[in-house]
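J.: Pasting a structure below so you can have a look.
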Number of protein chains: 2
Amino acid sequence: MAASSIKEQVYQELSRVTHAISNSKRMELIDVLSQKGYSVEELSKEIAMSIASTSQHLQVLKSVKLVETQRQGNFIIYSITDDSVLRLISAVKELGYRKIAEIERLIGDFKADKNILESITIDDLMAKSKKEKVMLIDVRPEDEFNAGHIPNAVSIPLSQLKKRLKELPKNKTIIAYCRGPLCIMSADAVKLLHQKKFKAIRMEDGFVEWKLKQQNIPKN
Amino acid sequence: MAASSIKEQVYQELSRVTHAISNSKRMELIDVLSQKGYSVEELSKEIAMSIASTSQHLQVLKSVKLVETQRQGNFIIYSITDDSVLRLISAVKELGYRKIAEIERLIGDFKADKNILESITIDDLMAKSKKEKVMLIDVRPEDEFNAGHIPNAVSIPLSQLKKRLKELPKNKTIIAYCRGPLCIMSADAVKLLHQKKFKAIRMEDGFVEWKLKQQNIPKN
DNA sequence: TAACTATTCAATAATTTAATTGAATAGTAG
DNA sequence: CTACTATTCAATTAAATTATTGAATAGTTA
């Protein structure tokens, strides 16, 4: 009958959305784009894949409106369409990180590999910042910081950290964050800071995780 | 290098989760299972597909822990593993409904087809129930009601509605809900009630949508 | 224990998908 | 208007996915 056929079609359309992120490279693309818009060339470097293939993956994502484009001079800049994309990816990660043992193992390996000893979450940060003075530093590239960052964070890209140590206090705990749980820039930053006798700790969550958390707090 | 390889592997595992719901039949299965657990046979009828194929789809869903099984007598009952699955599907739908013009068109057709003239949301219901007396009826099959329902709702399965009209008040607005936006049982109920001169209106959201909404209200 | 039943497995064929290479295109900047 | 450049298109091949059928399996009931 007509009704069930329409129902079928709706499910087909919905599954086109999930199909778009059912490929690891496309998942990675969306995750990179969660930070800020990037050109095809930049993205192809980031995910280690030919420009032509990257372009085709991006077109799949675009066809279901997960990403959108905008020209900037010679470049075409891809970015995610809106926060509903972030929520989708976050829901996938939540399920994966919690339920798939293999992912837990991989993340464990990842941390071990990178000597990530200790880290806190956003909630920990909030609690900590009420009890003691902390300094929050964002060690991502500056343009990602400019595209959005956690309030009160100071931008000190990892590449500049060594030269800018004098900006940092010895009497406060320094909290470093970057792109999220799979990013190691904050771990490297903390390692360097420890060598230089600062009190520093890594925060696993990044700006995106912070932003999503904010949205769950109602406005009243 | 090793590090990027682990990251790669995490994305690969994550994309297995989305791959599992990248097929329209599997999406439909999850959606049906969002209401309550069902046997393979029941599910195969629901999605209009052979038992063997249904079983194989279910195994894909199970392999990424979207569903789990439990034996009940001769039957194996599949159910979703937990609420993180609901949140994932909800995120997909949010994106699908908002972003894909095709779906909007389809839902438009769907509604026109079914004469779904008017509907309210959960928020509307809450507001309405403070201003006037309303009666909330759940027109899904009784076992789905028993598996979980919106507080204060009364179970009147669509199949029994005609016989049970005398239980309904003429002086209150009757709000009918079923499985959610893609389900037409509540629309059919409202149509019947209008014929019988009741004041009735359909609520698009179902129990699952209500439940997820509750979770976003923090506990303080 | 035997018969029965719901579910899963296995093999197949048609369809999709993915990554690559090299050519084509559209748009910018000089 | 020309040259240049970032991106997309097209064709190809290998691999993966889907739905089906019929056989096999585990588990239950009598």
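Residues are named by chain letter and number: chains run A, B, ... in the order of the structure tokens, numbers start at 1 in each chain, and ligands are numbered from 1 in the order shown.
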If you count only C-alpha atoms (C1' of nucleotides), which residues fall within 6 Å of segment 187-201 of chain A, apart from same-chain ones fewer than 3 positions away, as a compact mmCIF listing (two decimals) with C-alpha atoms, in the first residue's frame?
T.:
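Once everything was written out, this is part_24.txt:
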```txt
# COMPACT_ATOMS: atom_id res chain seq x y z
CA LYS A 170 53.82 28.78 38.33
CA THR A 173 47.27 24.63 37.68
CA ILE A 174 47.40 24.85 33.90
CA ILE A 175 44.67 22.91 32.10
CA ILE A 184 47.40 14.34 21.47
```
J.: Counting only C-alpha atoms, give me one row per residue of chain A with an atom at most 8 Å from an atom of chain B, showing the shortest contact pair and its distance in Å to one decimal, sorted by chain then residue number, as JSON lines.
T.:
```
{"residue": "A:Ala3", "atom": "CA", "partner": "B:Phe110", "partner_atom": "CA", "distance": 6.7}
{"residue": "A:Ile6", "atom": "CA", "partner": "B:Phe110", "partner_atom": "CA", "distance": 6.4}
{"residue": "A:Lys7", "atom": "CA", "partner": "B:Leu182", "partner_atom": "CA", "distance": 7.1}
{"residue": "A:Glu8", "atom": "CA", "partner": "B:Ser24", "partner_atom": "CA", "distance": 7.4}
{"residue": "A:Gln9", "atom": "CA", "partner": "B:Leu106", "partner_atom": "CA", "distance": 7.6}
{"residue": "A:Val10", "atom": "CA", "partner": "B:Ile103", "partner_atom": "CA", "distance": 6.0}
{"residue": "A:Tyr11", "atom": "CA", "partner": "B:Ser24", "partner_atom": "CA", "distance": 5.1}
{"residue": "A:Gln12", "atom": "CA", "partner": "B:Ser24", "partner_atom": "CA", "distance": 4.7}
{"residue": "A:Glu13", "atom": "CA", "partner": "B:Ile103", "partner_atom": "CA", "distance": 6.5}
{"residue": "A:Leu14", "atom": "CA", "partner": "B:Gly96", "partner_atom": "CA", "distance": 5.6}
{"residue": "A:Ser15", "atom": "CA", "partner": "B:Ser22", "partner_atom": "CA", "distance": 4.7}
{"residue": "A:Arg16", "atom": "CA", "partner": "B:Ser22", "partner_atom": "CA", "distance": 6.6}
{"residue": "A:Val17", "atom": "CA", "partner": "B:Gly96", "partner_atom": "CA", "distance": 6.8}
{"residue": "A:Thr18", "atom": "CA", "partner": "B:Ser22", "partner_atom": "CA", "distance": 4.8}
{"residue": "A:His19", "atom": "CA", "partner": "B:Ser22", "partner_atom": "CA", "distance": 4.3}
{"residue": "A:Ala20", "atom": "CA", "partner": "B:Ser22", "partner_atom": "CA", "distance": 8.0}
{"residue": "A:Ile21", "atom": "CA", "partner": "B:Thr18", "partner_atom": "CA", "distance": 6.3}
{"residue": "A:Ser22", "atom": "CA", "partner": "B:His19", "partner_atom": "CA", "distance": 4.3}
{"residue": "A:Asn23", "atom": "CA", "partner": "B:Ser15", "partner_atom": "CA", "distance": 5.5}
{"residue": "A:Ser24", "atom": "CA", "partner": "B:Gln12", "partner_atom": "CA", "distance": 4.8}
{"residue": "A:Lys25", "atom": "CA", "partner": "B:Tyr11", "partner_atom": "CA", "distance": 7.6}
{"residue": "A:Met27", "atom": "CA", "partner": "B:Tyr11", "partner_atom": "CA", "distance": 6.6}
{"residue": "A:Glu28", "atom": "CA", "partner": "B:Tyr11", "partner_atom": "CA", "distance": 6.5}
{"residue": "A:Val64", "atom": "CA", "partner": "B:Ile100", "partner_atom": "CA", "distance": 6.5}
{"residue": "A:Lys65", "atom": "CA", "partner": "B:Lys99", "partner_atom": "CA", "distance": 6.1}
{"residue": "A:Ser84", "atom": "CA", "partner": "B:Leu95", "partner_atom": "CA", "distance": 6.0}
{"residue": "A:Val85", "atom": "CA", "partner": "B:Leu95", "partner_atom": "CA", "distance": 7.1}
{"residue": "A:Arg87", "atom": "CA", "partner": "B:Ala91", "partner_atom": "CA", "distance": 6.3}
{"residue": "A:Leu88", "atom": "CA", "partner": "B:Ala91", "partner_atom": "CA", "distance": 5.0}
{"residue": "A:Ala91", "atom": "CA", "partner": "B:Leu88", "partner_atom": "CA", "distance": 5.0}
{"residue": "A:Val92", "atom": "CA", "partner": "B:Leu88", "partner_atom": "CA", "distance": 6.3}
{"residue": "A:Lys93", "atom": "CA", "partner": "B:Leu14", "partner_atom": "CA", "distance": 6.9}
{"residue": "A:Glu94", "atom": "CA", "partner": "B:Ser84", "partner_atom": "CA", "distance": 7.2}
{"residue": "A:Leu95", "atom": "CA", "partner": "B:Ser84", "partner_atom": "CA", "distance": 5.9}
{"residue": "A:Gly96", "atom": "CA", "partner": "B:Leu14", "partner_atom": "CA", "distance": 6.0}
{"residue": "A:Lys99", "atom": "CA", "partner": "B:Lys65", "partner_atom": "CA", "distance": 6.6}
{"residue": "A:Ile100", "atom": "CA", "partner": "B:Val64", "partner_atom": "CA", "distance": 6.7}
{"residue": "A:Glu102", "atom": "CA", "partner": "B:Glu13", "partner_atom": "CA", "distance": 7.6}
{"residue": "A:Ile103", "atom": "CA", "partner": "B:Val10", "partner_atom": "CA", "distance": 5.9}
{"residue": "A:Leu106", "atom": "CA", "partner": "B:Ile6", "partner_atom": "CA", "distance": 6.4}
{"residue": "A:Ile107", "atom": "CA", "partner": "B:Val10", "partner_atom": "CA", "distance": 7.5}
{"residue": "A:Asp109", "atom": "CA", "partner": "B:Ile6", "partner_atom": "CA", "distance": 7.7}
{"residue": "A:Phe110", "atom": "CA", "partner": "B:Ile6", "partner_atom": "CA", "distance": 6.3}
{"residue": "A:Asp113", "atom": "CA", "partner": "B:Ala3", "partner_atom": "CA", "distance": 7.2}
{"residue": "A:Lys114", "atom": "CA", "partner": "B:Ala3", "partner_atom": "CA", "distance": 7.9}
{"residue": "A:Leu182", "atom": "CA", "partner": "B:Lys7", "partner_atom": "CA", "distance": 6.9}
{"residue": "A:Asn216", "atom": "CA", "partner": "B:Asn216", "partner_atom": "CA", "distance": 5.9}
{"residue": "A:Ile217", "atom": "CA", "partner": "B:Pro218", "partner_atom": "CA", "distance": 7.4}
{"residue": "A:Pro218", "atom": "CA", "partner": "B:Ile217", "partner_atom": "CA", "distance": 7.4}
```
J.: Those same residues, written as a short mmCIF file (atom, residue, chain, number, x, y, z; two decimals), in the first residue's frame with C-alpha atoms?
T.:
```cif
data_model
loop_
_atom_site.label_atom_id
_atom_site.label_comp_id
_atom_site.auth_asym_id
_atom_site.auth_seq_id
_atom_site.Cartn_x
_atom_site.Cartn_y
_atom_site.Cartn_z
CA ALA A 3 1.47 4.38 3.20
CA ILE A 6 6.18 6.10 1.91
CA LYS A 7 7.35 4.76 5.26
CA GLU A 8 9.91 2.65 3.39
CA GLN A 9 11.09 5.72 1.55
CA VAL A 10 11.47 7.70 4.74
CA TYR A 11 13.65 4.98 6.21
CA GLN A 12 15.62 4.91 3.01
CA GLU A 13 16.26 8.62 3.25
CA LEU A 14 17.23 8.33 6.90
CA SER A 15 19.63 5.53 6.11
CA ARG A 16 21.27 7.69 3.46
CA VAL A 17 22.34 9.98 6.28
CA THR A 18 23.91 7.14 8.24
CA HIS A 19 25.36 5.65 5.10
CA ALA A 20 27.24 8.89 4.63
CA ILE A 21 29.08 8.36 7.93
CA SER A 22 29.32 4.59 7.57
CA ASN A 23 32.80 4.90 6.12
CA SER A 24 35.81 5.52 8.33
CA LYS A 25 37.33 8.17 6.09
CA MET A 27 33.72 9.77 9.71
CA GLU A 28 37.19 11.19 10.08
CA VAL A 64 22.90 14.55 2.64
CA LYS A 65 23.61 18.05 3.95
CA SER A 84 22.84 18.69 14.64
CA VAL A 85 25.82 17.10 12.89
CA ARG A 87 25.08 15.80 18.04
CA LEU A 88 24.92 12.90 15.59
CA ALA A 91 25.80 10.02 19.79
CA VAL A 92 27.81 7.59 17.68
CA LYS A 93 30.88 8.10 19.84
CA GLU A 94 28.94 7.76 23.05
CA LEU A 95 27.61 4.41 21.94
CA GLY A 96 30.92 3.25 20.56
CA LYS A 99 29.71 -0.43 24.39
CA ILE A 100 32.28 -1.62 21.90
CA GLU A 102 37.37 -3.09 20.87
CA ILE A 103 37.13 0.69 20.85
CA LEU A 106 42.08 0.91 21.12
CA ILE A 107 41.66 4.08 23.14
CA ASP A 109 46.36 1.59 23.56
CA PHE A 110 46.26 5.10 22.17
CA ASP A 113 51.24 4.81 23.24
CA LYS A 114 51.20 8.50 23.89
CA LEU A 182 41.70 11.33 20.17
CA ASN A 216 21.83 20.32 27.42
CA ILE A 217 21.60 22.96 30.07
CA PRO A 218 18.18 24.59 29.60
#
```
J.: For the contact check between chain C and chain A, emit one row per residue of chain C within 8 Å, containing the shortest atom pair and the distance in Å rounded to one decimal, counting only C-alpha atoms (C1' of nucleotides), chain then rising number order, as a Markdown table.
T.:
```
| residue | atom | partner | partner_atom | distance |
| --- | --- | --- | --- | --- |
| C:DA19 | C1' | A:Ser53 | CA | 6.8 |
| C:DG27 | C1' | A:Asn74 | CA | 7.4 |
| C:DT28 | C1' | A:Asn74 | CA | 6.0 |
```
J.: Using only C-alpha atoms (C1' of nucleotides) and a distance of at most 10 Å, pull out the residues of chain D that contact chain A, as a list in words.
T.: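 The selection requested is DT5, DA6, DT7, DT8 and DC9 of chain D.
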J.: List as a PyMOL selection string the protein and nucleic acid residues near Leu125 of chain A, meaning an atom at most 12 Å away when only C-alpha atoms (C1' of nucleotides) are counted, but skip any in the same chain fewer than 6 places from it.
T.: chain A and resi 119+131-136+150+153+173-177+201-206+210
J.: Hey, what does DSSP flag as strand (DSSP E or B) within segment 4-169 of chain B? Can you give it to me as a ChimeraX atom specification?
T.: /B:38-39,67-72,75-80,119-120,134-138,154-155
J.: Quick one: residues within 10 Å of Val32 of chain B, only C-alpha atoms (C1' of nucleotides), excluding same-chain residues fewer than 2 positions away - as a PDB file with all heavy atoms, in the first residue's frame?
T.:
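Saved result, around.pdb, follows:
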```pdb
ATOM      1  N   ARG B  26      17.447  -2.166   8.402  1.00  0.00           N
ATOM      2  CA  ARG B  26      17.986  -2.192   9.761  1.00  0.00           C
ATOM      3  C   ARG B  26      17.551  -0.959  10.542  1.00  0.00           C
ATOM      4  O   ARG B  26      17.280  -1.028  11.743  1.00  0.00           O
ATOM      5  CB  ARG B  26      19.519  -2.322   9.719  1.00  0.00           C
ATOM      6  CG  ARG B  26      19.983  -3.706   9.265  1.00  0.00           C
ATOM      7  CD  ARG B  26      21.436  -3.975   9.598  1.00  0.00           C
ATOM      8  NE  ARG B  26      22.371  -3.136   8.883  1.00  0.00           N
ATOM      9  CZ  ARG B  26      22.982  -3.484   7.747  1.00  0.00           C
ATOM     10  NH1 ARG B  26      22.757  -4.660   7.189  1.00  0.00           N
ATOM     11  NH2 ARG B  26      23.814  -2.664   7.162  1.00  0.00           N
ATOM     12  N   MET B  27      17.468   0.168   9.843  1.00  0.00           N
ATOM     13  CA  MET B  27      16.965   1.379  10.498  1.00  0.00           C
ATOM     14  C   MET B  27      15.541   1.149  10.986  1.00  0.00           C
ATOM     15  O   MET B  27      15.192   1.515  12.108  1.00  0.00           O
ATOM     16  CB  MET B  27      17.007   2.528   9.487  1.00  0.00           C
ATOM     17  CG  MET B  27      16.522   3.853   9.999  1.00  0.00           C
ATOM     18  SD  MET B  27      17.716   4.697  11.055  1.00  0.00           S
ATOM     19  CE  MET B  27      18.760   5.452   9.820  1.00  0.00           C
ATOM     20  N   GLU B  28      14.758   0.518  10.147  1.00  0.00           N
ATOM     21  CA  GLU B  28      13.375   0.240  10.510  1.00  0.00           C
ATOM     22  C   GLU B  28      13.323  -0.711  11.710  1.00  0.00           C
ATOM     23  O   GLU B  28      12.522  -0.521  12.633  1.00  0.00           O
ATOM     24  CB  GLU B  28      12.645  -0.378   9.305  1.00  0.00           C
ATOM     25  CG  GLU B  28      11.147  -0.188   9.344  1.00  0.00           C
ATOM     26  CD  GLU B  28      10.459  -0.721   8.085  1.00  0.00           C
ATOM     27  OE1 GLU B  28      11.145  -0.922   7.051  1.00  0.00           O
ATOM     28  OE2 GLU B  28       9.234  -0.946   8.144  1.00  0.00           O
ATOM     29  N   LEU B  29      14.183  -1.712  11.688  1.00  0.00           N
ATOM     30  CA  LEU B  29      14.223  -2.665  12.803  1.00  0.00           C
ATOM     31  C   LEU B  29      14.491  -1.951  14.125  1.00  0.00           C
ATOM     32  O   LEU B  29      13.800  -2.168  15.120  1.00  0.00           O
ATOM     33  CB  LEU B  29      15.314  -3.717  12.554  1.00  0.00           C
ATOM     34  CG  LEU B  29      14.953  -4.841  11.585  1.00  0.00           C
ATOM     35  CD1 LEU B  29      16.181  -5.674  11.252  1.00  0.00           C
ATOM     36  CD2 LEU B  29      13.854  -5.729  12.169  1.00  0.00           C
ATOM     37  N   ILE B  30      15.513  -1.116  14.122  1.00  0.00           N
ATOM     38  CA  ILE B  30      15.845  -0.381  15.346  1.00  0.00           C
ATOM     39  C   ILE B  30      14.674   0.482  15.782  1.00  0.00           C
ATOM     40  O   ILE B  30      14.366   0.587  16.965  1.00  0.00           O
ATOM     41  CB  ILE B  30      17.088   0.507  15.105  1.00  0.00           C
ATOM     42  CG1 ILE B  30      18.345  -0.360  15.090  1.00  0.00           C
ATOM     43  CG2 ILE B  30      17.221   1.565  16.184  1.00  0.00           C
ATOM     44  CD1 ILE B  30      18.821  -0.788  16.456  1.00  0.00           C
ATOM     45  N   SER B  34      12.656   0.171  19.232  1.00  0.00           N
ATOM     46  CA  SER B  34      12.659   1.270  20.193  1.00  0.00           C
ATOM     47  C   SER B  34      11.411   1.235  21.066  1.00  0.00           C
ATOM     48  O   SER B  34      11.388   1.797  22.159  1.00  0.00           O
ATOM     49  CB  SER B  34      12.723   2.612  19.465  1.00  0.00           C
ATOM     50  OG  SER B  34      13.952   2.749  18.807  1.00  0.00           O
ATOM     51  N   GLN B  35      10.364   0.605  20.559  1.00  0.00           N
ATOM     52  CA  GLN B  35       9.114   0.535  21.333  1.00  0.00           C
ATOM     53  C   GLN B  35       9.173  -0.564  22.381  1.00  0.00           C
ATOM     54  O   GLN B  35       8.860  -0.350  23.538  1.00  0.00           O
ATOM     55  CB  GLN B  35       7.924   0.312  20.400  1.00  0.00           C
ATOM     56  CG  GLN B  35       7.727   1.395  19.363  1.00  0.00           C
ATOM     57  CD  GLN B  35       7.434   2.759  19.990  1.00  0.00           C
ATOM     58  OE1 GLN B  35       6.716   2.865  20.960  1.00  0.00           O
ATOM     59  NE2 GLN B  35       8.032   3.812  19.424  1.00  0.00           N
ATOM     60  N   LYS B  36       9.578  -1.759  21.955  1.00  0.00           N
ATOM     61  CA  LYS B  36       9.711  -2.878  22.890  1.00  0.00           C
ATOM     62  C   LYS B  36      10.413  -4.041  22.206  1.00  0.00           C
ATOM     63  O   LYS B  36      10.602  -4.004  20.989  1.00  0.00           O
ATOM     64  CB  LYS B  36       8.341  -3.316  23.408  1.00  0.00           C
ATOM     65  CG  LYS B  36       7.538  -4.171  22.441  1.00  0.00           C
ATOM     66  CD  LYS B  36       6.251  -4.666  23.034  1.00  0.00           C
ATOM     67  CE  LYS B  36       6.231  -6.154  23.352  1.00  0.00           C
ATOM     68  NZ  LYS B  36       6.433  -7.053  22.225  1.00  0.00           N
ATOM     69  N   GLY B  37      10.788  -5.068  22.942  1.00  0.00           N
ATOM     70  CA  GLY B  37      11.423  -6.228  22.364  1.00  0.00           C
ATOM     71  C   GLY B  37      10.461  -7.040  21.505  1.00  0.00           C
ATOM     72  O   GLY B  37       9.271  -7.092  21.783  1.00  0.00           O
ATOM     73  N   TYR B  38      10.996  -7.661  20.451  1.00  0.00           N
ATOM     74  CA  TYR B  38      10.187  -8.495  19.572  1.00  0.00           C
ATOM     75  C   TYR B  38      10.991  -9.711  19.137  1.00  0.00           C
ATOM     76  O   TYR B  38      12.223  -9.667  19.110  1.00  0.00           O
ATOM     77  CB  TYR B  38       9.761  -7.709  18.326  1.00  0.00           C
ATOM     78  CG  TYR B  38       8.575  -6.798  18.537  1.00  0.00           C
ATOM     79  CD1 TYR B  38       8.740  -5.413  18.575  1.00  0.00           C
ATOM     80  CD2 TYR B  38       7.292  -7.315  18.673  1.00  0.00           C
ATOM     81  CE1 TYR B  38       7.660  -4.565  18.759  1.00  0.00           C
ATOM     82  CE2 TYR B  38       6.201  -6.469  18.857  1.00  0.00           C
ATOM     83  CZ  TYR B  38       6.388  -5.105  18.903  1.00  0.00           C
ATOM     84  OH  TYR B  38       5.317  -4.282  19.092  1.00  0.00           O
ATOM     85  N   LEU B  43       9.349  -9.452  13.906  1.00  0.00           N
ATOM     86  CA  LEU B  43      10.066  -8.379  13.227  1.00  0.00           C
ATOM     87  C   LEU B  43      10.047  -8.569  11.720  1.00  0.00           C
ATOM     88  O   LEU B  43       9.915  -7.611  10.965  1.00  0.00           O
ATOM     89  CB  LEU B  43      11.518  -8.326  13.731  1.00  0.00           C
ATOM     90  CG  LEU B  43      11.693  -7.818  15.163  1.00  0.00           C
ATOM     91  CD1 LEU B  43      13.118  -8.032  15.640  1.00  0.00           C
ATOM     92  CD2 LEU B  43      11.318  -6.337  15.255  1.00  0.00           C
ATOM     93  N   GLU B  46       6.926  -7.307  10.490  1.00  0.00           N
ATOM     94  CA  GLU B  46       6.855  -5.843  10.629  1.00  0.00           C
ATOM     95  C   GLU B  46       7.608  -5.138   9.504  1.00  0.00           C
ATOM     96  O   GLU B  46       7.139  -4.129   8.983  1.00  0.00           O
ATOM     97  CB  GLU B  46       7.442  -5.452  11.985  1.00  0.00           C
ATOM     98  CG  GLU B  46       7.208  -4.018  12.405  1.00  0.00           C
ATOM     99  CD  GLU B  46       5.757  -3.766  12.811  1.00  0.00           C
ATOM    100  OE1 GLU B  46       5.176  -4.621  13.520  1.00  0.00           O
ATOM    101  OE2 GLU B  46       5.221  -2.737  12.411  1.00  0.00           O
ATOM    102  N   ILE B  47       8.763  -5.665   9.128  1.00  0.00           N
ATOM    103  CA  ILE B  47       9.538  -4.985   8.091  1.00  0.00           C
ATOM    104  C   ILE B  47       9.365  -5.635   6.717  1.00  0.00           C
ATOM    105  O   ILE B  47      10.037  -5.264   5.759  1.00  0.00           O
ATOM    106  CB  ILE B  47      11.049  -4.919   8.436  1.00  0.00           C
ATOM    107  CG1 ILE B  47      11.690  -6.319   8.382  1.00  0.00           C
ATOM    108  CG2 ILE B  47      11.272  -4.282   9.792  1.00  0.00           C
ATOM    109  CD1 ILE B  47      13.211  -6.259   8.372  1.00  0.00           C
ATOM    110  N   SER B  79      16.029  -6.862  21.660  1.00  0.00           N
ATOM    111  CA  SER B  79      15.666  -5.531  22.146  1.00  0.00           C
ATOM    112  C   SER B  79      16.875  -4.607  22.039  1.00  0.00           C
ATOM    113  O   SER B  79      18.003  -5.075  21.889  1.00  0.00           O
ATOM    114  CB  SER B  79      15.180  -5.588  23.595  1.00  0.00           C
ATOM    115  OG  SER B  79      15.671  -6.728  24.236  1.00  0.00           O
ATOM    116  N   ILE B  80      16.641  -3.321  22.084  1.00  0.00           N
ATOM    117  CA  ILE B  80      17.769  -2.392  22.018  1.00  0.00           C
ATOM    118  C   ILE B  80      18.543  -2.488  23.332  1.00  0.00           C
ATOM    119  O   ILE B  80      17.974  -2.783  24.380  1.00  0.00           O
ATOM    120  CB  ILE B  80      17.336  -0.942  21.756  1.00  0.00           C
ATOM    121  CG1 ILE B  80      16.367  -0.464  22.840  1.00  0.00           C
ATOM    122  CG2 ILE B  80      16.707  -0.795  20.396  1.00  0.00           C
ATOM    123  CD1 ILE B  80      16.138   1.013  22.779  1.00  0.00           C
ATOM    124  N   ARG B 179       3.589   5.640  18.137  1.00  0.00           N
ATOM    125  CA  ARG B 179       5.033   5.344  18.180  1.00  0.00           C
ATOM    126  C   ARG B 179       5.917   6.524  17.833  1.00  0.00           C
ATOM    127  O   ARG B 179       7.130   6.438  17.891  1.00  0.00           O
ATOM    128  CB  ARG B 179       5.355   4.197  17.212  1.00  0.00           C
ATOM    129  CG  ARG B 179       4.811   2.861  17.660  1.00  0.00           C
ATOM    130  CD  ARG B 179       4.994   1.824  16.581  1.00  0.00           C
ATOM    131  NE  ARG B 179       4.527   0.520  17.017  1.00  0.00           N
ATOM    132  CZ  ARG B 179       4.314  -0.512  16.187  1.00  0.00           C
ATOM    133  NH1 ARG B 179       4.549  -0.372  14.898  1.00  0.00           N
ATOM    134  NH2 ARG B 179       3.877  -1.662  16.654  1.00  0.00           N
TER     135      ARG B 179
END
```
J.: To one decimal place in Å, what is the distance between atom CA of Leu168 of chain B and atom CA of Lys211 of chain B?
T.: 25.6 Å
J.: How would you write, as a ChimeraX atom specification, the set of residues in segment 65-103 of chain A that DSSP gives as helix (DSSP H, G or I)?
T.: /A:83-99,101-103
J.: Would you put the residues from that selection into a file with N, CA and C atoms, as an mmCIF file, in the first residue's frame?
T.:
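Printed below is result-v7.cif as written:
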```
data_model
loop_
_atom_site.group_PDB
_atom_site.id
_atom_site.type_symbol
_atom_site.label_atom_id
_atom_site.label_comp_id
_atom_site.auth_asym_id
_atom_site.auth_seq_id
_atom_site.Cartn_x
_atom_site.Cartn_y
_atom_site.Cartn_z
ATOM 1 N N ASP A 83 24.883 22.351 14.211
ATOM 2 C CA ASP A 83 25.177 21.576 15.410
ATOM 3 C C ASP A 83 24.510 20.203 15.440
ATOM 4 N N SER A 84 23.479 20.003 14.617
ATOM 5 C CA SER A 84 22.838 18.688 14.638
ATOM 6 C C SER A 84 23.821 17.630 14.144
ATOM 7 N N VAL A 85 24.783 18.034 13.335
ATOM 8 C CA VAL A 85 25.823 17.100 12.890
ATOM 9 C C VAL A 85 26.713 16.706 14.069
ATOM 10 N N LEU A 86 27.053 17.700 14.878
ATOM 11 C CA LEU A 86 27.870 17.418 16.070
ATOM 12 C C LEU A 86 27.142 16.453 16.996
ATOM 13 N N ARG A 87 25.846 16.667 17.153
ATOM 14 C CA ARG A 87 25.079 15.798 18.045
ATOM 15 C C ARG A 87 25.048 14.373 17.517
ATOM 16 N N LEU A 88 24.933 14.241 16.186
ATOM 17 C CA LEU A 88 24.923 12.900 15.594
ATOM 18 C C LEU A 88 26.242 12.175 15.871
ATOM 19 N N ILE A 89 27.344 12.848 15.581
ATOM 20 C CA ILE A 89 28.646 12.224 15.797
ATOM 21 C C ILE A 89 28.864 11.918 17.270
ATOM 22 N N SER A 90 28.432 12.824 18.102
ATOM 23 C CA SER A 90 28.586 12.619 19.535
ATOM 24 C C SER A 90 27.804 11.390 19.994
ATOM 25 N N ALA A 91 26.603 11.192 19.428
ATOM 26 C CA ALA A 91 25.798 10.023 19.794
ATOM 27 C C ALA A 91 26.474 8.736 19.345
ATOM 28 N N VAL A 92 27.087 8.772 18.162
ATOM 29 C CA VAL A 92 27.815 7.595 17.678
ATOM 30 C C VAL A 92 28.977 7.276 18.608
ATOM 31 N N LYS A 93 29.727 8.310 18.971
ATOM 32 C CA LYS A 93 30.880 8.097 19.837
ATOM 33 C C LYS A 93 30.460 7.589 21.201
ATOM 34 N N GLU A 94 29.411 8.176 21.730
ATOM 35 C CA GLU A 94 28.935 7.761 23.046
ATOM 36 C C GLU A 94 28.673 6.267 23.056
ATOM 37 N N LEU A 95 27.953 5.826 22.022
ATOM 38 C CA LEU A 95 27.613 4.408 21.935
ATOM 39 C C LEU A 95 28.864 3.564 21.746
ATOM 40 N N GLY A 96 29.718 4.017 20.850
ATOM 41 C CA GLY A 96 30.924 3.254 20.560
ATOM 42 C C GLY A 96 31.859 3.155 21.756
ATOM 43 N N TYR A 97 32.139 4.303 22.351
ATOM 44 C CA TYR A 97 33.098 4.323 23.454
ATOM 45 C C TYR A 97 32.613 3.483 24.625
ATOM 46 N N ARG A 98 31.303 3.467 24.834
ATOM 47 C CA ARG A 98 30.778 2.772 26.007
ATOM 48 C C ARG A 98 30.564 1.292 25.789
ATOM 49 N N LYS A 99 30.196 0.936 24.580
ATOM 50 C CA LYS A 99 29.709 -0.427 24.389
ATOM 51 C C LYS A 99 30.647 -1.341 23.613
ATOM 52 N N ALA A 101 33.841 -3.028 23.068
ATOM 53 C CA ALA A 101 35.046 -3.317 23.839
ATOM 54 C C ALA A 101 36.292 -3.019 23.019
ATOM 55 N N GLU A 102 36.224 -3.305 21.742
ATOM 56 C CA GLU A 102 37.366 -3.094 20.868
ATOM 57 C C GLU A 102 37.782 -1.617 20.855
ATOM 58 N N ILE A 103 36.815 -0.739 20.847
ATOM 59 C CA ILE A 103 37.132 0.691 20.849
ATOM 60 C C ILE A 103 37.772 1.091 22.165
#
```
J.: Could you state the separation of atom CA of Gln214 of chain B and atom CA of Cys178 of chain B in Å, given to one decimal place?
T.: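 Calculated distance between atom CA of Gln214 of chain B and atom CA of Cys178 of chain B is 17.7 Å.
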